[in-house]
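As stored in run.pdb (PDB, N, CA and C atoms):
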ATOM      1  N   MET A   7      77.302 119.208  86.845
ATOM      2  CA  MET A   7      76.772 118.566  88.033
ATOM      3  C   MET A   7      77.821 118.652  89.142
ATOM      4  N   PRO A   8      77.449 119.060  90.333
ATOM      5  CA  PRO A   8      78.424 119.177  91.426
ATOM      6  C   PRO A   8      78.904 117.813  91.913
ATOM      7  N   ASN A   9      80.111 117.804  92.426
ATOM      8  CA  ASN A   9      80.693 116.576  92.975
ATOM      9  C   ASN A   9      80.157 116.373  94.391
ATOM     10  N   LEU A  10      79.365 115.334  94.598
ATOM     11  CA  LEU A  10      78.772 115.073  95.902
ATOM     12  C   LEU A  10      79.626 114.169  96.780
ATOM     13  N   LYS A  11      80.745 113.673  96.264
ATOM     14  CA  LYS A  11      81.606 112.764  97.023
ATOM     15  C   LYS A  11      82.098 113.367  98.335
ATOM     16  N   PRO A  12      82.626 114.606  98.352
ATOM     17  CA  PRO A  12      83.076 115.159  99.645
ATOM     18  C   PRO A  12      81.936 115.264 100.662
ATOM     19  N   TYR A  13      80.756 115.624 100.204
ATOM     20  CA  TYR A  13      79.605 115.719 101.109
ATOM     21  C   TYR A  13      79.251 114.343 101.660
ATOM     22  N   ALA A  14      79.247 113.337 100.796
ATOM     23  CA  ALA A  14      78.942 111.971 101.238
ATOM     24  C   ALA A  14      79.986 111.488 102.240
ATOM     25  N   ASP A  15      81.253 111.827 102.018
ATOM     26  CA  ASP A  15      82.314 111.447 102.954
ATOM     27  C   ASP A  15      82.110 112.120 104.308
ATOM     28  N   GLN A  16      81.724 113.385 104.303
ATOM     29  CA  GLN A  16      81.496 114.100 105.561
ATOM     30  C   GLN A  16      80.334 113.491 106.338
ATOM     31  N   VAL A  17      79.271 113.125 105.641
ATOM     32  CA  VAL A  17      78.121 112.503 106.302
ATOM     33  C   VAL A  17      78.522 111.145 106.871
ATOM     34  N   SER A  18      79.270 110.381 106.092
ATOM     35  CA  SER A  18      79.732 109.071 106.549
ATOM     36  C   SER A  18      80.622 109.198 107.784
ATOM     37  N   ASP A  19      81.513 110.193 107.792
ATOM     38  CA  ASP A  19      82.392 110.417 108.943
ATOM     39  C   ASP A  19      81.589 110.840 110.171
ATOM     40  N   ALA A  20      80.566 111.662 109.974
ATOM     41  CA  ALA A  20      79.731 112.098 111.094
ATOM     42  C   ALA A  20      78.984 110.921 111.710
ATOM     43  N   ILE A  21      78.478 110.032 110.881
ATOM     44  CA  ILE A  21      77.784 108.843 111.386
ATOM     45  C   ILE A  21      78.755 107.959 112.156
ATOM     46  N   ALA A  22      79.966 107.820 111.643
ATOM     47  CA  ALA A  22      80.979 107.020 112.346
ATOM     48  C   ALA A  22      81.302 107.630 113.703
ATOM     49  N   ARG A  23      81.410 108.963 113.765
ATOM     50  CA  ARG A  23      81.682 109.636 115.049
ATOM     51  C   ARG A  23      80.555 109.377 116.046
ATOM     52  N   LEU A  24      79.318 109.378 115.570
ATOM     53  CA  LEU A  24      78.185 109.093 116.455
ATOM     54  C   LEU A  24      78.253 107.679 117.020
ATOM     55  N   ASN A  25      78.895 106.784 116.281
ATOM     56  CA  ASN A  25      79.067 105.399 116.723
ATOM     57  C   ASN A  25      80.368 105.184 117.487
ATOM     58  N   GLY A  26      81.053 106.274 117.834
ATOM     59  CA  GLY A  26      82.264 106.175 118.643
ATOM     60  C   GLY A  26      83.515 105.840 117.868
ATOM     61  N   MET A  27      83.525 106.054 116.574
ATOM     62  CA  MET A  27      84.690 105.734 115.762
ATOM     63  C   MET A  27      85.428 107.010 115.359
ATOM     64  N   ARG A  28      86.722 106.871 115.147
ATOM     65  CA  ARG A  28      87.554 107.953 114.611
ATOM     66  C   ARG A  28      87.888 107.609 113.172
ATOM     67  N   THR A  29      88.009 108.616 112.327
ATOM     68  CA  THR A  29      88.341 108.413 110.918
ATOM     69  C   THR A  29      89.609 109.176 110.588
ATOM     70  N   LEU A  30      90.537 108.503 109.948
ATOM     71  CA  LEU A  30      91.776 109.108 109.471
ATOM     72  C   LEU A  30      91.799 108.983 107.959
ATOM     73  N   ARG A  31      92.166 110.038 107.276
ATOM     74  CA  ARG A  31      92.248 110.019 105.816
ATOM     75  C   ARG A  31      93.646 110.414 105.364
ATOM     76  N   CYS A  32      94.029 109.896 104.223
ATOM     77  CA  CYS A  32      95.302 110.277 103.623
ATOM     78  C   CYS A  32      95.160 111.694 103.070
ATOM     79  N   PRO A  33      96.138 112.575 103.333
ATOM     80  CA  PRO A  33      96.037 113.953 102.845
ATOM     81  C   PRO A  33      96.417 114.118 101.373
ATOM     82  N   ALA A  34      96.909 113.073 100.720
ATOM     83  CA  ALA A  34      97.308 113.184  99.314
ATOM     84  C   ALA A  34      96.071 113.375  98.433
ATOM     85  N   PRO A  35      96.138 114.307  97.503
ATOM     86  CA  PRO A  35      94.985 114.535  96.620
ATOM     87  C   PRO A  35      94.645 113.281  95.816
ATOM     88  N   GLY A  36      93.392 112.936  95.796
ATOM     89  CA  GLY A  36      92.928 111.788  95.021
ATOM     90  C   GLY A  36      93.071 110.447  95.716
ATOM     91  N   CYS A  37      93.744 110.395  96.842
ATOM     92  CA  CYS A  37      93.909 109.129  97.561
ATOM     93  C   CYS A  37      92.627 108.844  98.349
ATOM     94  N   THR A  38      92.150 107.616  98.245
ATOM     95  CA  THR A  38      90.890 107.251  98.888
ATOM     96  C   THR A  38      91.072 106.436 100.166
ATOM     97  N   VAL A  39      92.292 106.364 100.678
ATOM     98  CA  VAL A  39      92.536 105.588 101.892
ATOM     99  C   VAL A  39      91.850 106.260 103.071
ATOM    100  N   ARG A  40      91.080 105.438 103.786
ATOM    101  CA  ARG A  40      90.377 105.911 104.983
ATOM    102  C   ARG A  40      90.508 104.802 106.021
ATOM    103  N   ILE A  41      90.960 105.164 107.212
ATOM    104  CA  ILE A  41      91.109 104.198 108.305
ATOM    105  C   ILE A  41      90.174 104.623 109.420
ATOM    106  N   ARG A  42      89.335 103.690 109.855
ATOM    107  CA  ARG A  42      88.440 103.960 110.981
ATOM    108  C   ARG A  42      88.790 103.017 112.108
ATOM    109  N   TYR A  43      88.742 103.562 113.324
ATOM    110  CA  TYR A  43      89.050 102.726 114.478
ATOM    111  C   TYR A  43      88.233 103.160 115.672
ATOM    112  N   ARG A  44      88.143 102.236 116.610
ATOM    113  CA  ARG A  44      87.435 102.495 117.867
ATOM    114  C   ARG A  44      88.122 101.662 118.948
ATOM    115  N   ALA A  45      88.274 102.234 120.106
ATOM    116  CA  ALA A  45      88.777 101.528 121.288
ATOM    117  C   ALA A  45      90.136 100.858 121.044
ATOM    118  N   VAL A  46      91.117 101.660 120.657
ATOM    119  CA  VAL A  46      92.477 101.141 120.520
ATOM    120  C   VAL A  46      93.372 101.880 121.517
ATOM    121  N   THR A  47      94.520 101.321 121.778
ATOM    122  CA  THR A  47      95.468 101.956 122.687
ATOM    123  C   THR A  47      96.043 103.207 122.025
ATOM    124  N   PRO A  48      96.560 104.139 122.802
ATOM    125  CA  PRO A  48      97.174 105.333 122.203
ATOM    126  C   PRO A  48      98.326 104.997 121.255
ATOM    127  N   ASP A  49      99.097 103.968 121.573
ATOM    128  CA  ASP A  49     100.183 103.562 120.681
ATOM    129  C   ASP A  49      99.645 103.077 119.341
ATOM    130  N   GLU A  50      98.596 102.281 119.375
ATOM    131  CA  GLU A  50      97.991 101.773 118.141
ATOM    132  C   GLU A  50      97.361 102.907 117.341
ATOM    133  N   ALA A  51      96.724 103.865 118.022
ATOM    134  CA  ALA A  51      96.151 105.024 117.335
ATOM    135  C   ALA A  51      97.241 105.818 116.626
ATOM    136  N   GLY A  52      98.385 105.968 117.261
ATOM    137  CA  GLY A  52      99.510 106.655 116.641
ATOM    138  C   GLY A  52     100.037 105.917 115.426
ATOM    139  N   ARG A  53     100.107 104.597 115.522
ATOM    140  CA  ARG A  53     100.570 103.787 114.389
ATOM    141  C   ARG A  53      99.604 103.911 113.214
ATOM    142  N   LEU A  54      98.302 103.873 113.497
ATOM    143  CA  LEU A  54      97.306 104.008 112.440
ATOM    144  C   LEU A  54      97.359 105.399 111.806
ATOM    145  N   ALA A  55      97.566 106.432 112.616
ATOM    146  CA  ALA A  55      97.677 107.789 112.089
ATOM    147  C   ALA A  55      98.893 107.908 111.172
ATOM    148  N   ALA A  56     100.002 107.313 111.575
ATOM    149  CA  ALA A  56     101.208 107.350 110.746
ATOM    150  C   ALA A  56     100.970 106.627 109.422
ATOM    151  N   LEU A  57     100.272 105.512 109.460
ATOM    152  CA  LEU A  57      99.971 104.770 108.244
ATOM    153  C   LEU A  57      99.065 105.586 107.323
ATOM    154  N   ALA A  58      98.044 106.201 107.868
ATOM    155  CA  ALA A  58      97.102 106.972 107.048
ATOM    156  C   ALA A  58      97.770 108.182 106.411
ATOM    157  N   HIS A  59      98.682 108.832 107.120
ATOM    158  CA  HIS A  59      99.268 110.061 106.619
ATOM    159  C   HIS A  59     100.523 109.865 105.779
ATOM    160  N   ASP A  60     101.063 108.658 105.731
ATOM    161  CA  ASP A  60     102.253 108.386 104.919
ATOM    162  C   ASP A  60     101.809 107.726 103.611
ATOM    163  N   HIS A  61     101.594 108.538 102.592
ATOM    164  CA  HIS A  61     101.069 108.050 101.314
ATOM    165  C   HIS A  61     101.995 107.031 100.657
ATOM    166  N   THR A  62     103.290 107.093 100.938
ATOM    167  CA  THR A  62     104.223 106.149 100.317
ATOM    168  C   THR A  62     103.996 104.725 100.814
ATOM    169  N   ARG A  63     103.365 104.577 101.959
ATOM    170  CA  ARG A  63     103.125 103.231 102.502
ATOM    171  C   ARG A  63     101.878 102.572 101.935
ATOM    172  N   HIS A  64     100.994 103.348 101.333
ATOM    173  CA  HIS A  64      99.785 102.742 100.780
ATOM    174  C   HIS A  64      99.412 103.272  99.398
ATOM    175  N   GLY A  65     100.258 104.091  98.786
ATOM    176  CA  GLY A  65      99.976 104.663  97.476
ATOM    177  C   GLY A  65     100.104 103.638  96.374
ATOM    178  N   ASN A  66      99.852 104.087  95.154
ATOM    179  CA  ASN A  66      99.948 103.187  94.001
ATOM    180  C   ASN A  66     101.382 102.711  93.815
ATOM    181  N   ARG A  67     101.508 101.438  93.645
ATOM    182  CA  ARG A  67     102.836 100.844  93.402
ATOM    183  C   ARG A  67     102.859 100.300  91.995
ATOM    184  N   LYS A  68     103.942 100.591  91.285
ATOM    185  CA  LYS A  68     104.041 100.125  89.898
ATOM    186  C   LYS A  68     105.167  99.151  89.739
TER     187      LYS A  68
END

Could you render the structure as structure tokens?
Amino acid sequence: MPNLKPYADQVSDAIARLNGMRTLRCPAPGCTVRIRYRAVTPDEAGRLAALAHDHTRHGNRK
């Protein structure tokens, strides 16, 4: 059976874009962190992007 999760994520992101939201995802394989935002300052958008892309800040902690 094919994995439909990536397709569902793409559809969800497209719907969010239609509602004026941006979606940031962690690039680490298997990480499910997704940050969505709308109407933030450029500084805040940069901070959110840094958080989403730095897996050590939100990855599994043991």

Problem set entry | Per-residue DSSP, chain A, filtered to strand (DSSP E or B), as a count of residues only | 8

Problem set entry | Non-local contacts of Arg28 of chain A (6.5 Å; all atoms listed in the file; under 2 positions in same chain excluded) as a ChimeraX atom specification | /A:22-23,26,30,41-44

For segment 23-38 of chain A, what centre and edge lengths in Å (one decimal) does the axis-aligned box get once 8 Å is added on each side of all its listed atoms, as AutoDock Vina command-line options?
--center_x 87.7 --center_y 109.9 --center_z 106.8 --size_x 35.1 --size_y 25.4 --size_z 39.6

For this session: Grab the atom CA of Val39 of chain A to atom CA of Asp60 of chain A distance for me, in Å with one decimal place.
Result: 10.6 Å

For this session: Can you work out the spacing between atom C of Asp15 of chain A and atom C of Cys32 of chain A in Å, to one decimal?
Result: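 Interatomic distance here is 13.1 Å.
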
Exercise. Mind pulling up the distance from atom C of Arg40 of chain A to atom C of Ala20 of chain A?
Worked result: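 Interatomic distance here is 14.2 Å.
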
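Distances here use only C-alpha atoms; by that measure, the residue among A:Asp19, A:Gly52, A:Ala14, A:Ala45 closest to Arg31 of chain A is A:Asp19.
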
At a cut-off of 12 Å, using only C-alpha atoms, what residues contact segment 34-37 of chain A? Leave out same-chain residues fewer than 5 positions from it and give the result as an mmCIF file with N, CA and C atoms, in the frame of the given file.
data_model
loop_
_atom_site.group_PDB
_atom_site.id
_atom_site.type_symbol
_atom_site.label_atom_id
_atom_site.label_comp_id
_atom_site.auth_asym_id
_atom_site.auth_seq_id
_atom_site.Cartn_x
_atom_site.Cartn_y
_atom_site.Cartn_z
ATOM 1 N N LYS A 11 80.745 113.673 96.264
ATOM 2 C CA LYS A 11 81.606 112.764 97.023
ATOM 3 C C LYS A 11 82.098 113.367 98.335
ATOM 4 N N PRO A 12 82.626 114.606 98.352
ATOM 5 C CA PRO A 12 83.076 115.159 99.645
ATOM 6 C C PRO A 12 81.936 115.264 100.662
ATOM 7 N N ALA A 58 98.044 106.201 107.868
ATOM 8 C CA ALA A 58 97.102 106.972 107.048
ATOM 9 C C ALA A 58 97.770 108.182 106.411
ATOM 10 N N HIS A 59 98.682 108.832 107.120
ATOM 11 C CA HIS A 59 99.268 110.061 106.619
ATOM 12 C C HIS A 59 100.523 109.865 105.779
ATOM 13 N N ASP A 60 101.063 108.658 105.731
ATOM 14 C CA ASP A 60 102.253 108.386 104.919
ATOM 15 C C ASP A 60 101.809 107.726 103.611
ATOM 16 N N HIS A 61 101.594 108.538 102.592
ATOM 17 C CA HIS A 61 101.069 108.050 101.314
ATOM 18 C C HIS A 61 101.995 107.031 100.657
ATOM 19 N N THR A 62 103.290 107.093 100.938
ATOM 20 C CA THR A 62 104.223 106.149 100.317
ATOM 21 C C THR A 62 103.996 104.725 100.814
ATOM 22 N N ARG A 63 103.365 104.577 101.959
ATOM 23 C CA ARG A 63 103.125 103.231 102.502
ATOM 24 C C ARG A 63 101.878 102.572 101.935
ATOM 25 N N HIS A 64 100.994 103.348 101.333
ATOM 26 C CA HIS A 64 99.785 102.742 100.780
ATOM 27 C C HIS A 64 99.412 103.272 99.398
ATOM 28 N N GLY A 65 100.258 104.091 98.786
ATOM 29 C CA GLY A 65 99.976 104.663 97.476
ATOM 30 C C GLY A 65 100.104 103.638 96.374
ATOM 31 N N ASN A 66 99.852 104.087 95.154
ATOM 32 C CA ASN A 66 99.948 103.187 94.001
ATOM 33 C C ASN A 66 101.382 102.711 93.815
#
